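Visitor: This is the structure I have questions about; it appears just below.
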Amino acid sequence: MDAPTLIARRIAQELRDGMLVNLGIGIPTLVANYVPAGVQVFFQSENGLIGTGPVPEEGMRQARLTDAGGRAVTALPGAATFDSAMSFGLIRGGHVDMTVLGGLEVDVTGRLANWTIPGKMVPGMGGAMDLVSGARRVVIAMQHTAKGKSKIVPRCRLPLTSVRAVDLVVTELAVIAFPDGRATLLEVAPGVAVADVLAATGAPLIVRDDVHPMPLTSEAIS
Amino acid sequence: MDAPTLIARRIAQELRDGMLVNLGIGIPTLVANYVPAGVQVFFQSENGLIGTGPVPEEGMRQARLTDAGGRAVTALPGAATFDSAMSFGLIRGGHVDMTVLGGLEVDVTGRLANWTIPGKMVPGMGGAMDLVSGARRVVIAMQHTAKGKSKIVPRCRLPLTSVRAVDLVVTELAVIAFPDGRATLLEVAPGVAVADVLAATGAPLIVRDDVHPMPLTSEAIS
Amino acid sequence: MKTIALEQAAALIPDGTSVMIGGFMGVGTPERLIDELVRRGTGGLTVIANDTAMPGVGIGKLMRAGLVRRAVVSHIGLNPETQQQMIAGKTDVDLVPQGTLIERIRAGGCGLGGVLTETGVGTVVEKGKRTITLDGTTYLVEPALRADFALVSAFLADYLGNLTYALTARNFNPVIAMAADAVIVDAEHIVPTGVIPPDHVMTPAPLVDYLVAH
Amino acid sequence: MKTIALEQAAALIPDGTSVMIGGFMGVGTPERLIDELVRRGTGGLTVIANDTAMPGVGIGKLMRAGLVRRAVVSHIGLNPETQQQMIAGKTDVDLVPQGTLIERIRAGGCGLGGVLTETGVGTVVEKGKRTITLDGTTYLVEPALRADFALVSAFLADYLGNLTYALTARNFNPVIAMAADAVIVDAEHIVPTGVIPPDHVMTPAPLVDYLVAH
C-alpha cells in the first residue's frame, strides 16, 4: 500500500455518521474513497457546496459545479449550495466537524505550518487559516518526512497557519496526537516499530504504553 | 385634508424612480398611497421583504406574508424575500434610499427621539436605530405638536434614536431641513403663514428667503 | 439529524436554559414547540428572539405562562403583557436594536467574536459597551450571541434536514439555526431528499440536530 | 437598474479604480466583462476577489494583460503568472484568509465597520492589525472592505434586476453585489419579472445598478 492510501484509509476511520467534513487538496481528497460502510458523512467544498460527490462521468460535466480546487464534481441528492460568507460561517462557527488538511510542518505542541514557504511557494492561505482556527477537529494528512527531513519539528520554522493546535497527525508511519499540548505517539503503521517512528521524527515524542497498530478501513470499492 | 394625509402627500413628493424605501408604522405607511404617477419604487418591510404590496383582498391572506407590524400584506411581481441579517444589511449598508419614520421629538440640529418615553412607553427600538443610522435619507413624518407642545425642540429630552441628524421633517404645518446642522424652514403647508409655523415651534428656526408652499401629490386613486 | 416526537423534543429543554426562537411578530415561530413547552411548564427561560409577539401568540404564550426570566429582544411594543412583567420585575428585558441583535446572533453562529456597528452610538444602547474608532468613525463593539437551543420554524424539511422557509416567515430562523448548541426544527412539510434543489436550501442539513416528527 | 451594452458597461470603469469580481477559480466570473476590460486595456486596477484563477481564465486574463496594480485575494496558487508579477513588483498582492476576506466584504456591504475573528491571530496575518480581547479570547479587528465597482456573474436576472446564481458559481457574487458603489451584472439568462419566485431571489433588484444587455 502506498503512503497516501495508507494515510487516507487510517483517517477515514475518524469519520462518524452525520459528520460535516472538509477535505483539503492532495492526500486529504483520497479520504472520501474510504468512508467506512454504514457511515454517511457530508463533504463540504468551501467554494459553496455540501454534498460534494465524485468526479462526473464523461459528458456529464457542469461548469458551475466544482470543488475548491476548481475541478468538476458531482452533487449528491440532498446537496446544498451557498455563498462564501455562509461557507466560512460554517467553517469558523464550528459546524464543520472535521477537516483533513496537508501539512508542511507540525511542531511538538501541535501547531501547524501548511500554507507558505517564504521566497519559494507563496500560494496564499485560501481557507486554510479559517479551517484550522474554526473546524471542530483538525486532522493533518502528511508524509512523515520530506527530502529525508522530519516534518514533525520541535518548533515550526515556516509561518504558522494558526496558533490553535491540530488534533491528530496521520503519516505513513504513525498517528500522533497532542494531549496537554505534547506530541504523543498513539499508533504505528502495519509493520512499523516504535523505534522506527522515533528515528524518523526530528522532535521528542511521548510514547504511550498502549501504542497499537493503525486500524484501517477496507480498500476503496471503486 | 387631515394632517396625516397632508404629510403623506408631501413626503410622497420625495420619492424617485427606482428607490428602495422603508416606511415606518402610522403616518409613514400612508405614503405608499401617494406614489407619484410614473414613479416606481420598491418598498421594504424589514421583516424580510422587498416589493411589499397593499393589504390582500378578502380570502387571499397568506399567514407567512406580513409587514413589520405583523399585518397581512401582498407581494408585487418581482418581490424578494430574505432573512433578517440580509434585511438589516440592506438598511445599515446604505441600500435603503429613504426611510420615513414617525417622531416624538426632533431637535434643532436634526437629532431624533422616536422610540421610547421612559416610564411610560418602552416598546423597544425595533429597527428604528438601524434605519436612522443607516438609511441614505431619513424623513420624519409627524404632527407639529403633541398636546399643544412643539415636537421640534431645542434639545431632545427623550432618549435619542441616533446621533445622526435626520434629513427632513414634514408636519401638517411645515417642511424643515437641517443644512449645516441648523433647523431651517423650507416650506409651509397650504394656507399656513411663516408666522404660524414659528408660533407653533418651540425652538428657533432659520427662515429661508425662498420659503414656499408645499408641493403635494394628487389624492390617492384607490 | 434525528427525527424526534414533539414531546421528546420539548423534553430536551431543561428549565433555566437559553433558547433562540424564530419568528417576527409570531410569523415563522414554531408554535407546536411553544405549546409543548407551555404544557410542560418549562420555566426560567432566557429567550432570544426578535420580539415577544402579541399576547397569546407565539412567544407571547411563553410570556403569558410566566416561563420567561429574561428576554433579549428588539421590540415588545405589541405585547403589553411583556411590558407589565418587565415593570413588575418578573422578566428582565434586554432591548437590542434589531439589526444589532440579528448580527450578534450571526456572529455567534459564524465563529466571529462580534461586529462593529454605528447603530446605537451616542444613545442609551452605548451604555456599558466598548467602542472602537476606525478611520475616524466610532463603532460599538457588539459581541457574539449564542444559546443552548434554537427553535426553528421551517416550511420544508427533507429527510436529511435541509430546510427552506417561506416568504416573511424566514426572518431570524436561518440565522439562529447556526448559533445554538442544539437546533430543533418544526417544519410545515417533510419531503423526500432531493425535493429541495441545492440552490434553494436555506439551512443545510448538517446544522439541524432534531426534526420534529409529523 | 439600467440595461446597458457590454461596451458601455466596461467603459464605466476608469483606469486605477477598485473592482470586486465574483468567481472562485474562474467559476462564476463575468467573463464577457473581463474580456471587454482587456480589449479596452483598462489598467492600474485594484482587484478584490477570492483568487486570480488560472492563467488566461477569468481574472487570470486581467493578470496576463498586466492590468492589475493590486490584488486583494486569498489564493494565487493556481496562477503562476500572478506569482511572477508579485515577485517582479508589478502587482502588489495582499493575501487575506478567505473567510476573513468574504466577511470584510460583507461588512462593507452591510454597513458594519468590521468584524472580530480569531483567524490569523498569532500568524503573519496579525501584523499591523488591531486586536481586541472579549471574555478572554483575542480577536483580530478586521475592517470592512468596499470597492468602486462590483462585477457580478449571475445565472438568472429578471427585468427588475433580481438575481439568482447556480450551484458553486454563487461564491463571492451576492456578497460583492452589496459592497460596491456601482454594481454591474452579467447574467446567463434574462427572464421576465416574476419568473424568479421571491424566496429564490439571491440578490434583490435594488442592489443592481447595471445589467449587461443580451
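Chain labels follow the order of the C-alpha cells: the first chain is A, the next B, and so on; residue numbering restarts at 1 in every chain, and ligands are counted from 1 in their shown order.
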I need the residues in stretch 108-194 of chain B that are helix (DSSP H, G or I) according to DSSP; give them as a list in words.

Guide: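 Answer for stretch 108-194 of chain B, restricted to helix (DSSP H, G or I): Ala128, Met129, Asp130, Leu131, Val132, Ser133, Gly134, Pro179, Asp180, Gly181 and Val194 of chain B.
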
Visitor: Please produce a file of the residues just selected, as a PDB file, in the first residue's frame, where the atoms kept are N, CA and C atoms.

Guide:
```pdb
ATOM      1  N   ALA B 128     -35.648  50.862  14.413  1.00  0.00           N
ATOM      2  CA  ALA B 128     -35.557  52.324  14.236  1.00  0.00           C
ATOM      3  C   ALA B 128     -34.128  52.844  14.295  1.00  0.00           C
ATOM      4  N   MET B 129     -33.349  52.347  15.242  1.00  0.00           N
ATOM      5  CA  MET B 129     -31.972  52.859  15.371  1.00  0.00           C
ATOM      6  C   MET B 129     -31.130  52.529  14.150  1.00  0.00           C
ATOM      7  N   ASP B 130     -31.315  51.311  13.616  1.00  0.00           N
ATOM      8  CA  ASP B 130     -30.572  50.932  12.415  1.00  0.00           C
ATOM      9  C   ASP B 130     -31.008  51.767  11.214  1.00  0.00           C
ATOM     10  N   LEU B 131     -32.315  51.993  11.116  1.00  0.00           N
ATOM     11  CA  LEU B 131     -32.827  52.772   9.980  1.00  0.00           C
ATOM     12  C   LEU B 131     -32.285  54.197  10.010  1.00  0.00           C
ATOM     13  N   VAL B 132     -32.306  54.822  11.169  1.00  0.00           N
ATOM     14  CA  VAL B 132     -31.854  56.220  11.243  1.00  0.00           C
ATOM     15  C   VAL B 132     -30.349  56.299  11.054  1.00  0.00           C
ATOM     16  N   SER B 133     -29.629  55.279  11.540  1.00  0.00           N
ATOM     17  CA  SER B 133     -28.170  55.299  11.372  1.00  0.00           C
ATOM     18  C   SER B 133     -27.750  54.947   9.950  1.00  0.00           C
ATOM     19  N   GLY B 134     -28.558  54.115   9.270  1.00  0.00           N
ATOM     20  CA  GLY B 134     -28.069  53.528   8.034  1.00  0.00           C
ATOM     21  C   GLY B 134     -28.725  53.951   6.738  1.00  0.00           C
ATOM     22  N   PRO B 179     -29.677  71.975   7.100  1.00  0.00           N
ATOM     23  CA  PRO B 179     -28.385  72.266   6.469  1.00  0.00           C
ATOM     24  C   PRO B 179     -27.432  72.838   7.521  1.00  0.00           C
ATOM     25  N   ASP B 180     -26.198  72.425   7.463  1.00  0.00           N
ATOM     26  CA  ASP B 180     -25.183  72.863   8.441  1.00  0.00           C
ATOM     27  C   ASP B 180     -25.628  72.620   9.874  1.00  0.00           C
ATOM     28  N   GLY B 181     -26.487  71.608  10.064  1.00  0.00           N
ATOM     29  CA  GLY B 181     -26.889  71.254  11.417  1.00  0.00           C
ATOM     30  C   GLY B 181     -27.805  72.256  12.101  1.00  0.00           C
ATOM     31  N   VAL B 194     -45.727  81.750   7.534  1.00  0.00           N
ATOM     32  CA  VAL B 194     -44.458  81.515   8.228  1.00  0.00           C
ATOM     33  C   VAL B 194     -44.618  81.827   9.712  1.00  0.00           C
TER      34      VAL B 194
END
```

Visitor: When the cut-off is 9 Å and we count only C-alpha atoms, which residues of chain D are near chain A, given as JSON, numbers by chain?

Guide: {"D": [24, 25, 26, 27, 28, 50, 51, 53, 73, 74, 75, 76, 77, 78, 79, 80, 83, 87, 95, 96, 97, 98, 99, 100, 102, 103, 106, 117, 118, 119, 120, 121, 122, 123, 124, 166, 167, 168, 169, 170, 171, 172, 173, 174, 175]}

Visitor: May I ask which of the residues A:Ile7, A:Ile117, A:Arg111, A:Pro190 is the closest one to A:Pro154, counting only C-alpha atoms?

Guide: A:Arg111

Visitor: Please identify all polymer residues within 9 Å of B:Phe178, counting only C-alpha atoms, omitting same-chain residues fewer than 5 positions from it, and present them as a VMD selection string.

Guide: chain B and resid 108 to 110 165 to 168 183 to 185

Visitor: Counting only C-alpha atoms, what is within 10 Å of D:Leu12, bar same-chain residues fewer than 4 positions away, as a PyMOL selection string?

Guide: chain D and resi 7-8+149+182+184

Visitor: Which residues of stretch 82-102 of chain A have any atom within 7 Å of an atom in stretch 20-25 of chain A when counting only C-alpha atoms, and what is the closest pair of atoms for each, with the distance in Å to one decimal? Order the rows by chain and rising number and write it as a Markdown table.

Guide:
```
| residue | atom | partner | partner_atom | distance |
| --- | --- | --- | --- | --- |
| A:Val96 | CA | A:Leu20 | CA | 5.1 |
| A:Asp97 | CA | A:Leu20 | CA | 5.3 |
| A:Met98 | CA | A:Val21 | CA | 5.0 |
| A:Thr99 | CA | A:Asn22 | CA | 4.6 |
| A:Val100 | CA | A:Leu23 | CA | 5.0 |
| A:Leu101 | CA | A:Gly24 | CA | 4.8 |
| A:Gly102 | CA | A:Gly24 | CA | 6.8 |
```

Visitor: What residues in chain D lie within 7 Å of chain C, counting only C-alpha atoms, written as a list in words?

Guide: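 Selected residues: Leu112, Gly113, Gly114, Val115, Leu116, Thr117, Tyr139, Ala166, Leu167, Asp199 and His200 of chain D.
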
Visitor: When you draw a straight line from atom CA of D:Glu126 to atom CA of D:Arg104, how long is it in Å?

Guide: 14.9 Å

Visitor: Please identify the strand (DSSP E) residues within chain B (assignment by DSSP from backbone atoms) and present them as a PyMOL selection string.

Guide: chain B and resi 20-23+42-45+49-53+74-81+98-101+105-107+112-113+138-141+145-146+149-150+152-153+168-170+174-177+184-188+206-213

Visitor: One number please: atom CA of C:Ile13 to atom CA of C:Gln84, in Å, one decimal.

Guide: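 Atom CA of C:Gln84 lies at a distance of 26.0 Å from atom CA of C:Ile13.
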
Visitor: What are the nearest atom pairs, with distances in Å to one decimal, for all residues of stretch 31-149 of chain B that come at most 9 Å from stretch 10-17 of chain B, using only C-alpha atoms, set out by chain and rising residue number as a tab-separated table?

Guide:
```
residue	atom	partner	partner_atom	distance
B:Val31	CA	B:Ala12	CA	5.6
B:Ala32	CA	B:Ala12	CA	7.5
B:Asn33	CA	B:Ala12	CA	8.5
B:Tyr34	CA	B:Ala12	CA	5.7
B:Val35	CA	B:Ala12	CA	5.6
B:Pro36	CA	B:Ala12	CA	6.9
B:Gly38	CA	B:Asp17	CA	7.9
B:Val39	CA	B:Asp17	CA	4.7
B:Gln40	CA	B:Asp17	CA	5.0
B:Val41	CA	B:Asp17	CA	5.7
B:Phe42	CA	B:Asp17	CA	9.0
B:Met98	CA	B:Leu15	CA	8.2
B:Val100	CA	B:Ile11	CA	8.2
B:Val139	CA	B:Ile11	CA	7.8
B:Ile140	CA	B:Ile11	CA	9.0
B:Ala141	CA	B:Ile11	CA	7.8
```

Visitor: Taking N, CA, C and O atoms for each residue, export the selection above as a tab-separated table (two decimals), in the first residue's frame.

Guide:
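The result, stored in again-v7.tsv:
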```tsv
chain	number	residue	atom	x	y	z
B	31	VAL	N	-47.76	56.94	3.05
B	31	VAL	CA	-47.01	57.47	1.91
B	31	VAL	C	-47.17	56.57	0.68
B	31	VAL	O	-47.22	57.05	-0.45
B	32	ALA	N	-47.27	55.25	0.93
B	32	ALA	CA	-47.41	54.30	-0.17
B	32	ALA	C	-48.64	54.57	-1.03
B	32	ALA	O	-48.71	54.17	-2.19
B	33	ASN	N	-49.63	55.27	-0.46
B	33	ASN	CA	-50.87	55.55	-1.21
B	33	ASN	C	-50.72	56.70	-2.20
B	33	ASN	O	-51.62	56.97	-2.98
B	34	TYR	N	-49.61	57.43	-2.13
B	34	TYR	CA	-49.49	58.66	-2.92
B	34	TYR	C	-48.25	58.69	-3.80
B	34	TYR	O	-47.73	59.77	-4.11
B	35	VAL	N	-47.76	57.53	-4.19
B	35	VAL	CA	-46.59	57.48	-5.08
B	35	VAL	C	-46.93	58.23	-6.37
B	35	VAL	O	-47.96	57.96	-6.99
B	36	PRO	N	-46.12	59.20	-6.76
B	36	PRO	CA	-46.44	59.98	-7.97
B	36	PRO	C	-46.52	59.10	-9.21
B	36	PRO	O	-45.83	58.09	-9.31
B	38	GLY	N	-45.91	57.49	-12.65
B	38	GLY	CA	-44.67	57.30	-13.42
B	38	GLY	C	-43.46	56.98	-12.57
B	38	GLY	O	-42.38	56.72	-13.08
B	39	VAL	N	-43.63	57.01	-11.25
B	39	VAL	CA	-42.53	56.68	-10.35
B	39	VAL	C	-42.74	55.27	-9.82
B	39	VAL	O	-43.84	54.93	-9.36
B	40	GLN	N	-41.70	54.43	-9.94
B	40	GLN	CA	-41.80	53.08	-9.40
B	40	GLN	C	-40.78	52.93	-8.29
B	40	GLN	O	-39.58	53.12	-8.49
B	41	VAL	N	-41.26	52.64	-7.12
B	41	VAL	CA	-40.33	52.46	-6.00
B	41	VAL	C	-40.50	51.06	-5.43
B	41	VAL	O	-41.54	50.41	-5.62
B	42	PHE	N	-39.45	50.57	-4.76
B	42	PHE	CA	-39.50	49.30	-4.04
B	42	PHE	C	-39.75	49.61	-2.57
B	42	PHE	O	-39.00	50.39	-1.97
B	98	MET	N	-34.32	55.67	1.21
B	98	MET	CA	-35.09	56.61	2.04
B	98	MET	C	-35.91	55.82	3.04
B	98	MET	O	-36.48	54.78	2.72
B	100	VAL	N	-39.00	56.56	5.99
B	100	VAL	CA	-39.95	57.52	6.55
B	100	VAL	C	-40.39	56.97	7.90
B	100	VAL	O	-40.90	55.85	7.98
B	139	VAL	N	-36.51	60.68	6.60
B	139	VAL	CA	-37.57	61.68	6.58
B	139	VAL	C	-38.52	61.38	7.74
B	139	VAL	O	-38.95	60.24	7.91
B	140	ILE	N	-38.79	62.40	8.54
B	140	ILE	CA	-39.67	62.22	9.69
B	140	ILE	C	-41.06	62.77	9.36
B	140	ILE	O	-41.20	63.92	8.93
B	141	ALA	N	-42.05	61.92	9.57
B	141	ALA	CA	-43.46	62.29	9.37
B	141	ALA	C	-44.09	62.40	10.75
B	141	ALA	O	-44.23	61.40	11.44
```

Visitor: May I ask which of the residues D:Ile196, D:Leu37, D:Met86, D:Ile4 is the closest one to D:His214, counting only C-alpha atoms?

Guide: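 Ranked by minimum distance to D:His214, first place goes to D:Ile4.
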
Visitor: Find, counting only C-alpha atoms, the residue in D:Met20, D:Val152, D:Val38, D:Val93 that gets nearest to D:Gly66.

Guide: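 Comparing D:Met20, D:Val152, D:Val38, D:Val93 against D:Gly66, the winner is D:Val38.
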
Visitor: Excluding same-chain residues fewer than 4 positions from D:Asp15, what lies within 7 Å of it counting only C-alpha atoms, as a ChimeraX atom specification?

Guide: /D:42-45

Visitor: What lies within 12 Å of B:Val192 using only C-alpha atoms, ignoring chain neighbours under 5 positions off, as a PDB file with C-alpha atoms, in the first residue's frame?

Guide:
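File produced: result-v4.pdb:
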```
ATOM      1  CA  THR B 171     -45.501  68.147   9.571  1.00  0.00           C
ATOM      2  CA  GLU B 172     -49.004  69.403   8.810  1.00  0.00           C
ATOM      3  CA  LEU B 173     -47.569  72.937   9.018  1.00  0.00           C
ATOM      4  CA  ALA B 174     -44.120  72.862   7.522  1.00  0.00           C
ATOM      5  CA  VAL B 175     -41.141  71.173   5.914  1.00  0.00           C
ATOM      6  CA  GLU B 187     -41.880  75.124   3.039  1.00  0.00           C
ATOM      7  CA  VAL B 197     -45.106  77.915  11.931  1.00  0.00           C
ATOM      8  CA  LEU B 198     -42.780  79.988  14.093  1.00  0.00           C
ATOM      9  CA  ALA B 199     -45.511  80.398  16.710  1.00  0.00           C
ATOM     10  CA  ALA B 200     -46.115  76.651  16.854  1.00  0.00           C
ATOM     11  CA  VAL B 211     -39.918  79.622   1.738  1.00  0.00           C
ATOM     12  CA  HIS B 212     -42.683  78.314  -0.480  1.00  0.00           C
ATOM     13  CA  PRO B 213     -45.875  76.274  -0.234  1.00  0.00           C
ATOM     14  CA  MET B 214     -45.568  72.501  -0.024  1.00  0.00           C
TER      15      MET B 214
END
```

Visitor: Atom CA of D:Ala65 to atom CA of D:Gly41: how many Å, to one decimal?

Guide: 7.8 Å
